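Okay, input-v4.cif is below, mmCIF, C-alpha atoms:
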```cif
data_protein
#
loop_
_atom_site.group_PDB
_atom_site.id
_atom_site.type_symbol
_atom_site.label_atom_id
_atom_site.label_comp_id
_atom_site.auth_asym_id
_atom_site.auth_seq_id
_atom_site.Cartn_x
_atom_site.Cartn_y
_atom_site.Cartn_z
ATOM 1 C CA MET A 234 112.875 146.732 79.073
ATOM 2 C CA LYS A 235 112.387 149.941 77.168
ATOM 3 C CA SER A 236 108.775 150.239 78.256
ATOM 4 C CA VAL A 237 109.770 149.487 81.870
ATOM 5 C CA ASN A 238 112.347 152.292 81.773
ATOM 6 C CA LYS A 239 109.805 154.632 80.257
ATOM 7 C CA LYS A 240 107.349 153.718 83.003
ATOM 8 C CA ARG A 241 110.016 154.368 85.680
ATOM 9 C CA GLY A 242 110.793 157.737 84.127
ATOM 10 C CA SER A 243 107.167 158.810 84.056
ATOM 11 C CA GLY A 244 106.785 157.535 87.652
ATOM 12 C CA GLY A 245 109.309 160.159 88.794
ATOM 13 C CA TRP A 246 107.465 162.960 87.011
ATOM 14 C CA LEU A 247 104.171 161.717 88.434
ATOM 15 C CA PHE A 248 105.715 161.831 91.894
ATOM 16 C CA LEU A 249 106.877 165.412 91.286
ATOM 17 C CA LEU A 250 103.406 166.341 90.045
ATOM 18 C CA LEU A 251 101.820 164.881 93.191
ATOM 19 C CA VAL A 252 104.222 166.894 95.362
ATOM 20 C CA VAL A 253 103.339 170.074 93.440
ATOM 21 C CA VAL A 254 99.639 169.276 93.938
ATOM 22 C CA ALA A 255 100.337 168.818 97.664
ATOM 23 C CA TYR A 256 101.911 172.295 97.678
ATOM 24 C CA GLY A 257 98.784 173.622 95.978
ATOM 25 C CA VAL A 258 96.543 172.036 98.604
ATOM 26 C CA VAL A 259 98.676 173.384 101.466
ATOM 27 C CA ALA A 260 98.733 176.850 99.837
ATOM 28 C CA LEU A 261 94.915 176.822 99.680
ATOM 29 C CA PHE A 262 94.717 176.494 103.444
ATOM 30 C CA ASP A 263 97.951 178.161 104.561
ATOM 31 C CA VAL A 264 99.845 180.353 102.085
ATOM 32 C CA ASP A 265 102.526 181.232 104.651
ATOM 33 C CA THR A 266 103.517 177.602 105.230
ATOM 34 C CA ALA A 267 103.712 176.912 101.480
ATOM 35 C CA GLY A 268 105.845 180.065 101.067
ATOM 36 C CA ARG A 269 108.152 178.989 103.896
ATOM 37 C CA ALA A 270 108.489 175.548 102.293
ATOM 38 C CA ILE A 271 109.432 177.082 98.925
ATOM 39 C CA GLY A 272 111.991 179.295 100.686
ATOM 40 C CA HIS A 273 113.500 176.209 102.331
ATOM 41 C CA PHE A 274 113.486 174.384 98.979
ATOM 42 C CA GLU A 275 115.348 177.272 97.267
ATOM 43 C CA LYS A 276 117.991 177.277 99.979
ATOM 44 C CA VAL A 277 118.541 173.512 99.865
ATOM 45 C CA THR A 278 118.526 173.395 96.044
ATOM 46 C CA GLY A 279 121.274 176.009 95.918
ATOM 47 C CA GLN A 280 123.412 173.763 98.110
ATOM 48 C CA VAL A 281 122.607 170.603 96.147
ATOM 49 C CA LEU A 282 123.282 171.902 92.590
ATOM 50 C CA PRO A 283 127.074 171.368 92.586
ATOM 51 C CA VAL A 284 126.504 167.895 94.028
ATOM 52 C CA LEU A 285 124.187 167.071 91.123
ATOM 53 C CA ALA A 286 126.946 167.881 88.633
ATOM 54 C CA MET A 287 129.232 165.438 90.449
ATOM 55 C CA VAL A 288 126.513 162.750 90.387
ATOM 56 C CA PHE A 289 126.169 163.159 86.620
ATOM 57 C CA ILE A 290 129.905 162.707 86.051
ATOM 58 C CA LEU A 291 130.024 159.582 88.249
ATOM 59 C CA LEU A 292 127.015 158.047 86.482
ATOM 60 C CA LEU A 293 128.775 158.571 83.152
ATOM 61 C CA VAL A 294 132.083 157.103 84.351
ATOM 62 C CA ILE A 295 130.374 153.991 85.742
ATOM 63 C CA ASP A 296 128.389 153.459 82.569
ATOM 64 C CA LEU A 297 131.595 153.702 80.547
ATOM 65 C CA LEU A 298 133.579 151.308 82.728
ATOM 66 C CA LEU A 299 131.180 148.603 83.842
ATOM 67 C CA LYS A 300 129.219 146.245 81.656
ATOM 68 C CA PRO A 301 126.686 143.654 82.956
ATOM 69 C CA LYS A 302 128.277 141.026 80.681
ATOM 70 C CA TRP A 303 131.527 141.342 82.609
ATOM 71 C CA ILE A 304 129.801 140.827 85.981
ATOM 72 C CA LYS A 305 127.933 137.822 84.601
ATOM 73 C CA ARG A 306 131.159 136.214 83.396
ATOM 74 C CA GLN A 307 133.039 136.687 86.664
ATOM 75 C CA LEU A 308 130.285 135.588 89.065
ATOM 76 C CA GLY A 309 128.974 132.802 86.926
ATOM 77 C CA SER A 310 132.099 130.709 87.451
ATOM 78 C CA GLU A 311 133.058 128.726 90.576
ATOM 79 C CA ALA A 312 133.812 131.397 93.137
ATOM 80 C CA GLY A 313 136.823 131.477 95.425
ATOM 81 C CA VAL A 314 138.063 134.497 97.374
ATOM 82 C CA LYS A 315 138.296 136.326 94.071
ATOM 83 C CA GLY A 316 134.615 135.619 93.473
ATOM 84 C CA TRP A 317 133.669 137.158 96.841
ATOM 85 C CA MET A 318 135.729 140.258 96.073
ATOM 86 C CA ILE A 319 134.209 140.547 92.614
ATOM 87 C CA ALA A 320 130.690 140.130 94.051
ATOM 88 C CA ALA A 321 131.310 142.980 96.502
ATOM 89 C CA VAL A 322 132.948 145.306 93.985
ATOM 90 C CA SER A 323 130.298 144.537 91.357
ATOM 91 C CA GLY A 324 127.580 145.332 93.888
ATOM 92 C CA VAL A 325 129.196 148.688 94.633
ATOM 93 C CA LEU A 326 129.414 149.490 90.939
ATOM 94 C CA ALA A 327 125.979 148.122 90.027
ATOM 95 C CA ALA A 328 123.834 151.176 89.486
ATOM 96 C CA GLY A 329 120.140 151.574 88.779
ATOM 97 C CA PRO A 330 117.029 149.916 90.146
ATOM 98 C CA ILE A 331 117.270 146.576 91.929
ATOM 99 C CA TYR A 332 114.828 144.595 89.783
ATOM 100 C CA PRO A 333 117.062 144.056 86.712
ATOM 101 C CA TRP A 334 119.803 142.888 89.098
ATOM 102 C CA TYR A 335 117.430 140.355 90.672
ATOM 103 C CA ALA A 336 116.883 139.030 87.154
ATOM 104 C CA LEU A 337 120.635 138.827 86.529
ATOM 105 C CA LEU A 338 121.249 137.079 89.871
ATOM 106 C CA HIS A 339 118.417 134.679 89.144
ATOM 107 C CA GLU A 340 120.062 133.816 85.848
ATOM 108 C CA LEU A 341 123.442 133.336 87.543
ATOM 109 C CA ARG A 342 121.923 131.165 90.265
ATOM 110 C CA GLU A 343 120.344 128.993 87.582
ATOM 111 C CA LYS A 344 123.833 128.539 86.150
ATOM 112 C CA GLY A 345 125.212 127.463 89.521
ATOM 113 C CA MET A 346 126.247 130.710 91.155
ATOM 114 C CA TYR A 347 127.097 130.353 94.839
ATOM 115 C CA ALA A 348 124.048 131.727 96.754
ATOM 116 C CA PRO A 349 125.990 133.712 99.435
ATOM 117 C CA LEU A 350 127.646 135.673 96.623
ATOM 118 C CA ALA A 351 124.237 136.980 95.628
ATOM 119 C CA ALA A 352 123.822 138.202 99.222
ATOM 120 C CA VAL A 353 127.255 139.897 99.093
ATOM 121 C CA PHE A 354 126.352 141.543 95.797
ATOM 122 C CA LEU A 355 122.970 142.780 97.052
ATOM 123 C CA TYR A 356 124.433 144.081 100.317
ATOM 124 C CA SER A 357 127.303 145.990 98.754
ATOM 125 C CA ARG A 358 124.786 147.721 96.486
ATOM 126 C CA ALA A 359 124.097 149.829 99.586
ATOM 127 C CA ILE A 360 127.219 151.790 98.654
ATOM 128 C CA LYS A 361 125.865 154.069 95.978
ATOM 129 C CA LEU A 362 129.004 155.332 94.309
ATOM 130 C CA PRO A 363 127.402 158.038 92.154
ATOM 131 C CA LEU A 364 125.443 159.319 95.153
ATOM 132 C CA LEU A 365 128.400 159.598 97.518
ATOM 133 C CA PRO A 366 128.668 163.371 96.903
ATOM 134 C CA PHE A 367 125.124 163.619 98.276
ATOM 135 C CA MET A 368 126.016 161.634 101.367
ATOM 136 C CA ILE A 369 129.149 163.727 101.915
ATOM 137 C CA HIS A 370 127.064 166.874 101.514
ATOM 138 C CA TYR A 371 124.579 165.795 104.180
ATOM 139 C CA PHE A 372 126.751 163.832 106.616
ATOM 140 C CA GLY A 373 130.382 164.756 105.995
ATOM 141 C CA LEU A 374 133.389 162.965 104.501
ATOM 142 C CA ALA A 375 134.505 161.111 107.656
ATOM 143 C CA TYR A 376 131.027 159.679 108.206
ATOM 144 C CA THR A 377 130.686 158.636 104.552
ATOM 145 C CA ILE A 378 134.055 156.839 104.497
ATOM 146 C CA THR A 379 133.398 155.098 107.840
ATOM 147 C CA LEU A 380 129.936 153.963 106.775
ATOM 148 C CA CYS A 381 131.155 152.700 103.395
ATOM 149 C CA VAL A 382 133.932 150.663 105.028
ATOM 150 C CA TYR A 383 131.418 149.039 107.390
ATOM 151 C CA LEU A 384 128.967 148.404 104.555
ATOM 152 C CA LEU A 385 131.682 146.661 102.587
ATOM 153 C CA LEU A 386 132.748 144.578 105.615
ATOM 154 C CA PHE A 387 129.177 143.637 106.419
ATOM 155 C CA SER A 388 128.515 142.597 102.843
ATOM 156 C CA PHE A 389 131.000 139.757 103.486
ATOM 157 C CA VAL A 390 129.499 139.104 106.936
ATOM 158 C CA SER A 391 126.031 138.796 105.393
ATOM 159 C CA GLY A 392 127.454 136.407 102.787
ATOM 160 C CA LEU A 393 129.059 134.258 105.494
ATOM 161 C CA LEU A 394 125.865 134.243 107.563
ATOM 162 C CA MET A 395 123.836 133.279 104.515
ATOM 163 C CA ARG A 396 126.282 130.458 103.840
ATOM 164 C CA GLN A 397 125.875 129.216 107.419
ATOM 165 C CA LEU A 398 122.080 129.457 107.276
ATOM 166 C CA GLU A 399 122.013 127.566 103.986
ATOM 167 C CA ARG A 400 124.237 124.831 105.470
ATOM 168 C CA ASP A 401 122.050 124.551 108.597
ATOM 169 C CA ASN A 402 119.012 124.152 106.373
ATOM 170 C CA ILE A 403 120.576 121.448 104.276
ATOM 171 C CA LYS A 404 121.505 119.569 107.491
ATOM 172 C CA SER A 405 118.002 119.903 108.976
ATOM 173 C CA GLU A 406 116.241 118.788 105.782
ATOM 174 C CA PRO A 407 114.951 115.200 106.142
ATOM 175 C CA GLY A 408 116.577 112.445 104.101
ATOM 176 C CA MET Y 88 137.348 144.039 82.704
ATOM 177 C CA GLN Y 89 135.470 144.773 79.550
ATOM 178 C CA MET Y 90 135.561 148.486 79.162
ATOM 179 C CA LEU Y 91 134.409 151.092 76.714
ATOM 180 C CA GLU Y 92 132.305 148.605 74.803
ATOM 181 C CA TYR Y 93 129.990 151.351 73.625
ATOM 182 C CA PRO Y 94 131.136 154.637 72.182
ATOM 183 C CA PHE Y 95 131.253 157.631 74.505
ATOM 184 C CA SER Y 96 128.222 159.231 72.842
ATOM 185 C CA HIS Y 97 126.121 156.142 73.632
ATOM 186 C CA SER Y 98 127.084 156.273 77.323
ATOM 187 C CA LEU Y 99 126.518 160.028 77.419
ATOM 188 C CA LYS Y 100 123.009 159.656 75.990
ATOM 189 C CA LYS Y 101 122.225 156.846 78.433
ATOM 190 C CA THR Y 102 123.547 158.895 81.377
ATOM 191 C CA ILE Y 103 121.517 161.937 80.311
ATOM 192 C CA ARG Y 104 118.402 159.713 80.168
ATOM 193 C CA THR Y 105 119.164 158.271 83.625
ATOM 194 C CA PHE Y 106 119.828 161.751 84.989
ATOM 195 C CA ILE Y 107 116.598 163.149 83.532
ATOM 196 C CA ASN Y 108 114.711 160.272 85.190
ATOM 197 C CA LEU Y 109 116.516 161.034 88.454
ATOM 198 C CA LEU Y 110 115.796 164.782 88.420
ATOM 199 C CA PRO Y 111 112.054 164.720 89.239
ATOM 200 C CA ILE Y 112 112.763 162.351 92.147
ATOM 201 C CA ILE Y 113 115.453 164.653 93.549
ATOM 202 C CA ILE Y 114 113.407 167.821 93.040
ATOM 203 C CA GLY Y 115 110.287 166.075 94.367
ATOM 204 C CA MET Y 116 112.085 164.853 97.485
ATOM 205 C CA LEU Y 117 113.622 168.277 98.145
ATOM 206 C CA LEU Y 118 110.177 169.882 97.743
ATOM 207 C CA LEU Y 119 108.499 167.242 99.905
ATOM 208 C CA THR Y 120 111.007 167.458 102.757
ATOM 209 C CA SER Y 121 110.853 171.276 102.607
ATOM 210 C CA LEU Y 122 107.074 171.038 102.945
ATOM 211 C CA ALA Y 123 107.346 168.487 105.761
ATOM 212 C CA VAL Y 124 109.878 170.662 107.607
ATOM 213 C CA SER Y 125 107.544 173.662 107.310
ATOM 214 C CA LEU Y 126 104.354 171.761 108.142
ATOM 215 C CA PHE Y 127 105.443 169.589 111.019
ATOM 216 C CA PRO Y 128 107.268 170.837 114.045
ATOM 217 C CA GLN Y 129 110.656 169.295 114.749
ATOM 218 C CA GLN Y 130 109.112 167.879 117.890
ATOM 219 C CA LEU Y 131 107.382 165.233 115.763
ATOM 220 C CA ALA Y 132 110.645 163.572 114.745
ATOM 221 C CA ALA Y 133 111.956 163.920 118.249
ATOM 222 C CA ASP Y 134 108.838 162.137 119.534
ATOM 223 C CA LEU Y 135 109.278 159.235 117.100
ATOM 224 C CA PHE Y 136 112.903 158.840 118.128
ATOM 225 C CA GLY Y 137 112.837 159.031 121.887
ATOM 226 C CA GLY Y 138 116.539 159.202 122.631
ATOM 227 C CA HIS Y 139 117.162 155.583 123.655
ATOM 228 C CA ALA Y 140 119.940 154.437 121.320
ATOM 229 C CA MET Y 141 118.858 150.821 120.772
ATOM 230 C CA LEU Y 142 115.185 151.705 120.399
ATOM 231 C CA ASP Y 143 115.999 154.574 118.028
ATOM 232 C CA ALA Y 144 118.197 152.302 115.908
ATOM 233 C CA THR Y 145 115.403 149.716 115.751
ATOM 234 C CA VAL Y 146 112.817 152.353 114.788
ATOM 235 C CA GLY Y 147 115.214 153.802 112.187
ATOM 236 C CA ALA Y 148 115.914 150.364 110.719
ATOM 237 C CA SER Y 149 112.206 149.470 110.681
ATOM 238 C CA VAL Y 150 111.098 152.696 108.988
ATOM 239 C CA GLY Y 151 113.988 152.496 106.488
ATOM 240 C CA GLY Y 152 113.171 148.854 105.728
ATOM 241 C CA ILE Y 153 109.532 149.587 104.982
ATOM 242 C CA ALA Y 154 110.241 152.758 103.008
ATOM 243 C CA ALA Y 155 110.755 152.412 99.302
ATOM 244 C CA GLY Y 156 112.198 154.852 96.847
ATOM 245 C CA HIS Y 157 115.384 156.286 95.505
ATOM 246 C CA PRO Y 158 118.314 156.272 97.974
ATOM 247 C CA ILE Y 159 118.690 160.036 97.499
ATOM 248 C CA ALA Y 160 115.365 160.382 99.277
ATOM 249 C CA SER Y 161 116.823 158.633 102.328
ATOM 250 C CA TYR Y 162 119.825 160.988 102.393
ATOM 251 C CA VAL Y 163 117.581 164.053 102.156
ATOM 252 C CA LEU Y 164 115.223 162.735 104.832
ATOM 253 C CA GLY Y 165 118.136 161.583 106.988
ATOM 254 C CA GLY Y 166 119.729 165.025 106.716
ATOM 255 C CA GLU Y 167 116.485 166.688 107.778
ATOM 256 C CA LEU Y 168 116.074 164.245 110.678
ATOM 257 C CA ARG Y 169 119.596 165.154 111.834
ATOM 258 C CA HIS Y 170 118.655 168.851 111.665
ATOM 259 C CA ALA Y 171 115.606 168.012 113.772
ATOM 260 C CA GLY Y 172 117.914 166.602 116.430
ATOM 261 C CA VAL Y 173 117.492 162.877 115.789
ATOM 262 C CA SER Y 174 120.555 160.861 116.812
ATOM 263 C CA LEU Y 175 123.133 159.797 114.232
ATOM 264 C CA ILE Y 176 122.632 156.153 115.263
ATOM 265 C CA ALA Y 177 118.937 156.321 114.330
ATOM 266 C CA VAL Y 178 119.607 158.199 111.087
ATOM 267 C CA THR Y 179 122.354 155.736 110.104
ATOM 268 C CA ALA Y 180 120.049 152.789 110.754
ATOM 269 C CA PHE Y 181 117.386 154.544 108.674
ATOM 270 C CA ILE Y 182 119.535 155.274 105.604
ATOM 271 C CA VAL Y 183 121.330 151.895 105.633
ATOM 272 C CA SER Y 184 118.098 149.972 106.095
ATOM 273 C CA TRP Y 185 116.559 151.923 103.193
ATOM 274 C CA VAL Y 186 119.101 150.401 100.808
ATOM 275 C CA THR Y 187 119.656 146.957 102.344
ATOM 276 C CA VAL Y 188 116.312 145.800 103.759
ATOM 277 C CA GLY Y 189 113.491 145.692 101.229
ATOM 278 C CA VAL Y 190 110.069 144.813 102.562
ATOM 279 C CA VAL Y 191 108.419 146.227 99.433
ATOM 280 C CA GLN Y 192 110.823 144.350 97.139
ATOM 281 C CA LEU Y 193 110.559 141.141 99.167
ATOM 282 C CA PRO Y 194 107.963 139.428 96.908
ATOM 283 C CA ALA Y 195 110.078 140.163 93.815
ATOM 284 C CA GLU Y 196 113.245 138.987 95.538
ATOM 285 C CA ALA Y 197 111.492 135.831 96.750
ATOM 286 C CA LEU Y 198 110.215 135.104 93.261
ATOM 287 C CA MET Y 199 113.594 135.601 91.645
ATOM 288 C CA LEU Y 200 115.972 134.214 94.263
ATOM 289 C CA GLY Y 201 113.793 131.975 96.403
ATOM 290 C CA THR Y 202 111.625 132.677 99.458
ATOM 291 C CA ARG Y 203 114.091 131.269 101.983
ATOM 292 C CA PHE Y 204 116.990 133.228 100.510
ATOM 293 C CA ALA Y 205 114.974 136.467 100.457
ATOM 294 C CA LEU Y 206 113.694 136.064 104.015
ATOM 295 C CA TYR Y 207 117.070 135.094 105.495
ATOM 296 C CA ARG Y 208 118.840 137.873 103.625
ATOM 297 C CA ASN Y 209 116.431 140.546 104.824
ATOM 298 C CA ILE Y 210 116.562 139.331 108.429
ATOM 299 C CA VAL Y 211 120.382 139.261 108.342
ATOM 300 C CA CYS Y 212 120.368 142.751 106.819
ATOM 301 C CA PHE Y 213 117.976 144.139 109.444
ATOM 302 C CA PHE Y 214 120.184 143.079 112.357
ATOM 303 C CA SER Y 215 123.379 144.077 110.598
ATOM 304 C CA VAL Y 216 121.915 147.550 110.002
ATOM 305 C CA ILE Y 217 121.611 148.061 113.765
ATOM 306 C CA ALA Y 218 125.166 146.797 114.290
ATOM 307 C CA ILE Y 219 126.496 149.119 111.568
ATOM 308 C CA ALA Y 220 124.651 152.112 113.047
ATOM 309 C CA PHE Y 221 126.353 151.624 116.423
ATOM 310 C CA LEU Y 222 129.758 150.716 115.002
ATOM 311 C CA CYS Y 223 129.793 153.643 112.615
ATOM 312 C CA VAL Y 224 128.886 156.230 115.254
ATOM 313 C CA TYR Y 225 131.250 154.789 117.880
ATOM 314 C CA THR Y 226 134.094 154.664 115.342
ATOM 315 C CA LEU Y 227 133.505 158.317 114.495
ATOM 316 C CA GLN Y 228 133.502 159.174 118.195
ATOM 317 C CA LEU Y 229 136.823 157.337 118.600
ATOM 318 C CA PHE Y 230 138.268 159.266 115.651
ATOM 319 C CA ASN Y 231 137.073 162.524 117.195
ATOM 320 C CA GLN Y 232 138.592 161.636 120.568
ATOM 321 C CA ALA Y 233 141.857 160.758 118.858
ATOM 322 C CA GLY Y 234 141.742 164.182 117.233
ATOM 323 C CA TRP Y 235 141.583 162.850 113.655
#
```

As structure tokens, what does this structure read like?
Amino acid sequence: MKSVNKKRGSGGWLFLLLVVVAYGVVALFDVDTAGRAIGHFEKVTGQVLPVLAMVFILLLVIDLLLKPKWIKRQLGSEAGVKGWMIAAVSGVLAAGPIYPWYALLHELREKGMYAPLAAVFLYSRAIKLPLLPFMIHYFGLAYTITLCVYLLLFSFVSGLLMRQLERDNIKSEPG
Amino acid sequence: MQMLEYPFSHSLKKTIRTFINLLPIIIGMLLLTSLAVSLFPQQLAADLFGGHAMLDATVGASVGGIAAGHPIASYVLGGELRHAGVSLIAVTAFIVSWVTVGVVQLPAEALMLGTRFALYRNIVCFFSVIAIAFLCVYTLQLFNQAGW
């Protein structure tokens, strides 16, 4: 896992390097455009800096409060309404890249986790709690709240649809 | 809920590491969108999104579903698309699809959770993205009309 994280970290820096190279290439052909782009970047960065501080604080709070072991315990058991709620809330709070979460869900499924709950979990991950300040910055508070409410509602809808699709498949399977 | 399992210093170090990994992506995306805004005329985005709500939502959901990367990138790009005059329905479909539909992640999801599950889930997500885009924008319009 450590080497994967390291690779992810260096991937970001590589991406930044490629963007800087792209600036260099553009500057070779058109210095004015590159200058305009840097001017735009400075303006946007000035606006984004306070938001970054907020993102840092939220990342820290989530890391302090939520542990993968807790999610595993709650979703691994037979899920009722409480299980659906926990799946949605856990998805909202589950930070970081998706791949480790696939692994966790795979493990839970192996232990008998209800498949639609995995869909609820994955859908509600669309609400990126630490990044909400960014969304508010770009789209406004009313939009962010409205979208988050719909995302949460649709995480349950996707779970219900997945349940129905799974049932239809079981019925249509021969034997 | 099991809380504060690790000491604060452990979480702080982990968060700093996460944040440092996040920084080049944020800076890179801000630089890239600034370059794109300067290089390409706003007409380009307007051409891609023609103004027909359903078509724009479908294009937004398709592009967002294919795109891969940190969600911050979708917010930055979505914000720039809005500045370029692209409709909120299309931008909403784009940013929601970015984080719910995963064409790039599909093989990994299929391997881990089963092909049928992965395919069904992504199809359900794609259509729900379009529904959310319309519902979200219409709800906001209702709020505005009600003077909230």

Counting only C-alpha atoms, what is within 12 Å of Tyr225 (chain Y), bar same-chain residues fewer than 6 positions away, as a ChimeraX atom specification? /A:376,379-380,383 /Y:140,175-176,179,218-219,231-232

Can you turn the PyMOL selection byres ((chain Y) within 8 of (chain A)) into a concrete residue list for this file, as a compact mmCIF listing (two decimals) with C-alpha atoms, in the coordinates of the input?
```
# COMPACT_ATOMS: atom_id res chain seq x y z
CA MET Y 88 137.35 144.04 82.70
CA GLN Y 89 135.47 144.77 79.55
CA MET Y 90 135.56 148.49 79.16
CA LEU Y 91 134.41 151.09 76.71
CA GLU Y 92 132.30 148.60 74.80
CA TYR Y 93 129.99 151.35 73.62
CA PHE Y 95 131.25 157.63 74.50
CA SER Y 98 127.08 156.27 77.32
CA LEU Y 99 126.52 160.03 77.42
CA THR Y 102 123.55 158.90 81.38
CA ILE Y 103 121.52 161.94 80.31
CA PHE Y 106 119.83 161.75 84.99
CA ILE Y 107 116.60 163.15 83.53
CA ASN Y 108 114.71 160.27 85.19
CA LEU Y 109 116.52 161.03 88.45
CA LEU Y 110 115.80 164.78 88.42
CA PRO Y 111 112.05 164.72 89.24
CA ILE Y 112 112.76 162.35 92.15
CA ILE Y 114 113.41 167.82 93.04
CA GLY Y 115 110.29 166.08 94.37
CA LEU Y 117 113.62 168.28 98.14
CA LEU Y 118 110.18 169.88 97.74
CA LEU Y 119 108.50 167.24 99.90
CA SER Y 121 110.85 171.28 102.61
CA LEU Y 122 107.07 171.04 102.94
CA ALA Y 123 107.35 168.49 105.76
CA VAL Y 124 109.88 170.66 107.61
CA SER Y 125 107.54 173.66 107.31
CA LEU Y 126 104.35 171.76 108.14
CA ILE Y 159 118.69 160.04 97.50
CA TYR Y 162 119.82 160.99 102.39
CA VAL Y 163 117.58 164.05 102.16
CA GLY Y 166 119.73 165.02 106.72
CA VAL Y 183 121.33 151.90 105.63
CA VAL Y 186 119.10 150.40 100.81
CA THR Y 187 119.66 146.96 102.34
CA ALA Y 195 110.08 140.16 93.82
CA GLU Y 196 113.24 138.99 95.54
CA MET Y 199 113.59 135.60 91.64
CA LEU Y 200 115.97 134.21 94.26
CA PHE Y 204 116.99 133.23 100.51
CA TYR Y 207 117.07 135.09 105.50
CA ARG Y 208 118.84 137.87 103.62
CA VAL Y 211 120.38 139.26 108.34
CA CYS Y 212 120.37 142.75 106.82
CA SER Y 215 123.38 144.08 110.60
CA ILE Y 219 126.50 149.12 111.57
CA LEU Y 222 129.76 150.72 115.00
CA CYS Y 223 129.79 153.64 112.62
CA THR Y 226 134.09 154.66 115.34
CA LEU Y 227 133.50 158.32 114.50
```

Under the PyMOL selection byres ((chain Y and resi 141) around 10), which residues of this model are included? Write them out as a compact mmCIF listing (two decimals) with C-alpha atoms, keeping the file's coordinate frame.
```txt
# COMPACT_ATOMS: atom_id res chain seq x y z
CA GLY Y 138 116.54 159.20 122.63
CA HIS Y 139 117.16 155.58 123.66
CA ALA Y 140 119.94 154.44 121.32
CA LEU Y 142 115.18 151.71 120.40
CA ASP Y 143 116.00 154.57 118.03
CA ALA Y 144 118.20 152.30 115.91
CA THR Y 145 115.40 149.72 115.75
CA VAL Y 146 112.82 152.35 114.79
CA GLY Y 147 115.21 153.80 112.19
CA ILE Y 176 122.63 156.15 115.26
CA ALA Y 177 118.94 156.32 114.33
CA ILE Y 217 121.61 148.06 113.76
CA ALA Y 218 125.17 146.80 114.29
CA ALA Y 220 124.65 152.11 113.05
CA PHE Y 221 126.35 151.62 116.42
```

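Proximity ranking of Y:Phe127, Y:Asn209, Y:Ser184, Y:Gln228 relative to Glu167 (chain Y) places Y:Phe127 first, based on all atoms listed in the file.
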
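Using the PyMOL selection byres ((chain Y and resi 161) around 8) on the file at hand returns these residues: Y:Gly151, Y:His157, Y:Pro158, Y:Ile159, Y:Ala160, Y:Tyr162, Y:Val163, Y:Leu164, Y:Gly165, Y:Phe181, Y:Ile182, Y:Trp185.
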
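What separates CA of Val150 (chain Y) from CA of Leu135 (chain Y) is a distance of 10.6 Å.
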
Can you tell me how far CA of Gly324 (chain A) sits from CA of Leu350 (chain A), in Å to one decimal? 10.0 Å

Expected axis-aligned box over every listed atom of region 358-372 of chain A, 4 Å added per side, centre plus edges in Å to one decimal, as JSON:
```
{"center_x": 126.6, "center_y": 157.3, "center_z": 99.4, "size_x": 13.1, "size_y": 27.2, "size_z": 22.5}
```

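Between CA of Leu393 (chain A) and CA of Tyr347 (chain A) lies a distance of 11.5 Å.
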
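If you measure from each of A:Leu341, A:Ala328, A:Leu362, A:Ile319 to Thr105 (chain Y) using all atoms listed in the file, the closest one turns out to be A:Ala328.
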